[in-house]
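Remarks on the structure that follows.
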Amino acid sequence: MTNITFTEKTPNLLIVATGNPGKLQEMQAYLADINLQLQLKPQHLEIEETGETFLANARLKASEVAKATGEWAIADDSGLAVEALDGRPGIYSARYAPTVAEQIERVLTELGDNPHRRAKFVCAITIARPDGTIALEAEGTCHGEILHSPRGNAGFGYDPIFYLPRENKTFAEMPPESKHSFSHRGQAFQILLPQMKKLWYD
Ligand code: ITT
């Protein structure tokens with residue numbers, strides 16, 4: 001009799017634990033090569049982000065959604081950290097003001113004419129097993145600068161004020177493929193995708 005050991009059962013379905021359509025669109029693009037059906041988390045399932053780091057919040061979201069659905073789940077916690085604002089809005093990026101336009105306005109007002117405009121986007125991605133335990137995680141970072149006023153219409157969130165000097169463009173002025181190759185989320189998925197393939201398909 002052959003003795004086969006399965007360390008992780010290959011899932012058919014992966015629940016994407018986000019309520020942010022911009023993020024969802026990007027995550028779907030990165031996961032297009034993975035042979036899994038993606039399903040959005042149930043709308044009523046709101047997870048309170050009580051963690052103090054991106055990673056802690058990503059773990060919380062993936063774990064709670066996995067347990068609630070009994071399926072594998074993937075979560076992203078991300079945000080913008082502005083150097084001259086001591087890292088704000090950071091983990092509070094989605095809660096910095098009621099609307100995206102007001103969030104951008106608040107960052108620009110707080111920075112004012114300050115010439116130090118360095119900032120980074122950070123993204124933590126976590127995958128949880130159906131029992132809520134964490135199977136994989138990765139973090140990505142993208143460094144740039146905050147403009148004095150928004151530019152471009154693509155992307156989502158703070159993209160119109162996040163400028164990459166080497167491209168002479170904001171994230172909101174780039175086609176999705178370019179943002180994906182430079183972005184914090186792109187960096188995190190570059191680490192995570194080979195790990196996912198190894199975990200489930202090797
Ligand atoms: P979920 O928790 O449901 O996934 P959320 O929008 O609340 O959605 P976060 O708590 O992780 O997610 O907050 C991330 C915020 O950071 C997001 O709302 C944007 O304001 C900002 N952000 C993250 N990635 C971004 C990107 O690629 N471009 C622009 N803004 C981004």
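Going by the structure tokens order, chains are called A, B, ..., each with residues numbered from 1, while ligands are numbered from 1 in the order shown.
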
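Neighbouring residues of A:Pro194 at 12 Å or closer, counting only C-alpha atoms and skipping chain neighbours under 6 positions away, are A:Tyr30, A:Leu31, A:Asp33, A:Ile34, A:Leu136, A:Glu137, A:Ala138, A:Ala188, A:Trp200, A:Tyr201, A:Asp202.
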
Report the closest atom pair, with its distance in Å rounded to one decimal, for each residue of chain A that has an atom no farther than 9 Å from ligand 1; count only C-alpha atoms and all ligand atoms, sort by chain and then rising residue number, and write it as CSV.
```
residue,atom,partner,partner_atom_place_in_ligand_line,distance
A:Val16,CA,ligand 1,4 (O),8.7
A:Ala17,CA,ligand 1,4 (O),6.3
A:Thr18,CA,ligand 1,3 (O),3.6
A:Gly19,CA,ligand 1,3 (O),3.6
A:Asn20,CA,ligand 1,8 (O),4.4
A:Pro21,CA,ligand 1,8 (O),8.2
A:Gly22,CA,ligand 1,26 (C),8.0
A:Lys23,CA,ligand 1,4 (O),6.8
A:Leu24,CA,ligand 1,4 (O),7.9
A:Glu26,CA,ligand 1,27 (O),8.2
A:Glu46,CA,ligand 1,3 (O),7.9
A:Ile47,CA,ligand 1,2 (O),7.9
A:Glu48,CA,ligand 1,2 (O),8.8
A:Glu49,CA,ligand 1,10 (O),7.2
A:Phe54,CA,ligand 1,11 (O),7.4
A:Asn57,CA,ligand 1,10 (O),7.8
A:Ala58,CA,ligand 1,11 (O),7.6
A:Lys61,CA,ligand 1,2 (O),7.4
A:Ala75,CA,ligand 1,4 (O),6.6
A:Asp76,CA,ligand 1,4 (O),5.7
A:Asp77,CA,ligand 1,11 (O),3.4
A:Ser78,CA,ligand 1,11 (O),4.1
A:Gly79,CA,ligand 1,16 (O),3.5
A:Leu80,CA,ligand 1,16 (O),6.0
A:Pro89,CA,ligand 1,16 (O),8.5
A:Gly90,CA,ligand 1,16 (O),7.7
A:Ile91,CA,ligand 1,10 (O),6.6
A:Tyr92,CA,ligand 1,10 (O),6.9
A:Ser93,CA,ligand 1,16 (O),4.6
A:Ala94,CA,ligand 1,18 (O),3.8
A:Arg95,CA,ligand 1,7 (O),7.5
A:Tyr96,CA,ligand 1,20 (O),8.2
A:Val100,CA,ligand 1,20 (O),6.8
A:Gln103,CA,ligand 1,20 (O),7.6
A:Ile104,CA,ligand 1,20 (O),8.7
A:Phe121,CA,ligand 1,24 (N),6.8
A:Val122,CA,ligand 1,24 (N),7.4
A:Cys123,CA,ligand 1,24 (N),6.8
A:Ala124,CA,ligand 1,11 (O),8.4
A:Gly155,CA,ligand 1,28 (N),6.3
A:Phe156,CA,ligand 1,29 (C),5.0
A:Gly157,CA,ligand 1,30 (N),3.7
A:Tyr158,CA,ligand 1,29 (C),4.1
A:Asp159,CA,ligand 1,29 (C),4.3
A:Pro160,CA,ligand 1,29 (C),7.9
A:Ile161,CA,ligand 1,29 (C),8.9
A:Phe162,CA,ligand 1,29 (C),7.9
A:Phe171,CA,ligand 1,28 (N),7.3
A:Ala172,CA,ligand 1,28 (N),8.3
A:Lys179,CA,ligand 1,27 (O),8.2
A:His180,CA,ligand 1,27 (O),8.8
A:Ser183,CA,ligand 1,27 (O),6.8
A:His184,CA,ligand 1,27 (O),7.1
A:Arg185,CA,ligand 1,27 (O),6.6
```

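Interatomic distance, atom CA of A:Ile146 against atom CA of A:Leu111: 8.9 Å.
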
- Taking the DSSP assignment computed from this structure's backbone, write out as a ChimeraX atom specification all residues of stretch 52-193 of chain A that belong to strand (DSSP E). /A:72-82,118-128,134-146,162-164,169-170

- Message: Can you pull out every residue from stretch 21-87 of chain A that DSSP, working from the backbone, puts in helix (DSSP H, G or I), and format the result as a ChimeraX atom specification?
- Response: /A:21-33,54-69,83-85

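Here atom CA of A:Leu55 stands at a distance of 14.1 Å from atom CA of A:Thr133.
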
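If you measure from each of A:Arg88, A:Thr99, A:Gly140, A:Glu64 to A:Arg118 using only C-alpha atoms, the closest one turns out to be A:Arg88.
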
Residue neighbourhood stretch 173-177 of chain A, 7 Å, only C-alpha atoms, exclusion window fewer than 5 positions, as a short mmCIF file (atom, residue, chain, number, x, y, z; two decimals) with C-alpha atoms, in the first residue's frame:
```cif
data_model
loop_
_atom_site.label_atom_id
_atom_site.label_comp_id
_atom_site.auth_asym_id
_atom_site.auth_seq_id
_atom_site.Cartn_x
_atom_site.Cartn_y
_atom_site.Cartn_z
CA ARG A 151 -3.64 63.86 -10.40
CA GLY A 152 -5.31 61.08 -12.43
CA ASN A 153 -8.51 59.06 -12.25
CA ALA A 154 -7.39 55.42 -12.20
#
```

- Item | Two-atom distance - atom CA of A:Glu105, atom CA of A:Gly186 (Å) | 26.0 Å

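Distances here use only C-alpha atoms; by that measure, the residue among A:Ala32, A:Leu60, A:Ile15, A:Val82 closest to A:His116 is A:Val82.
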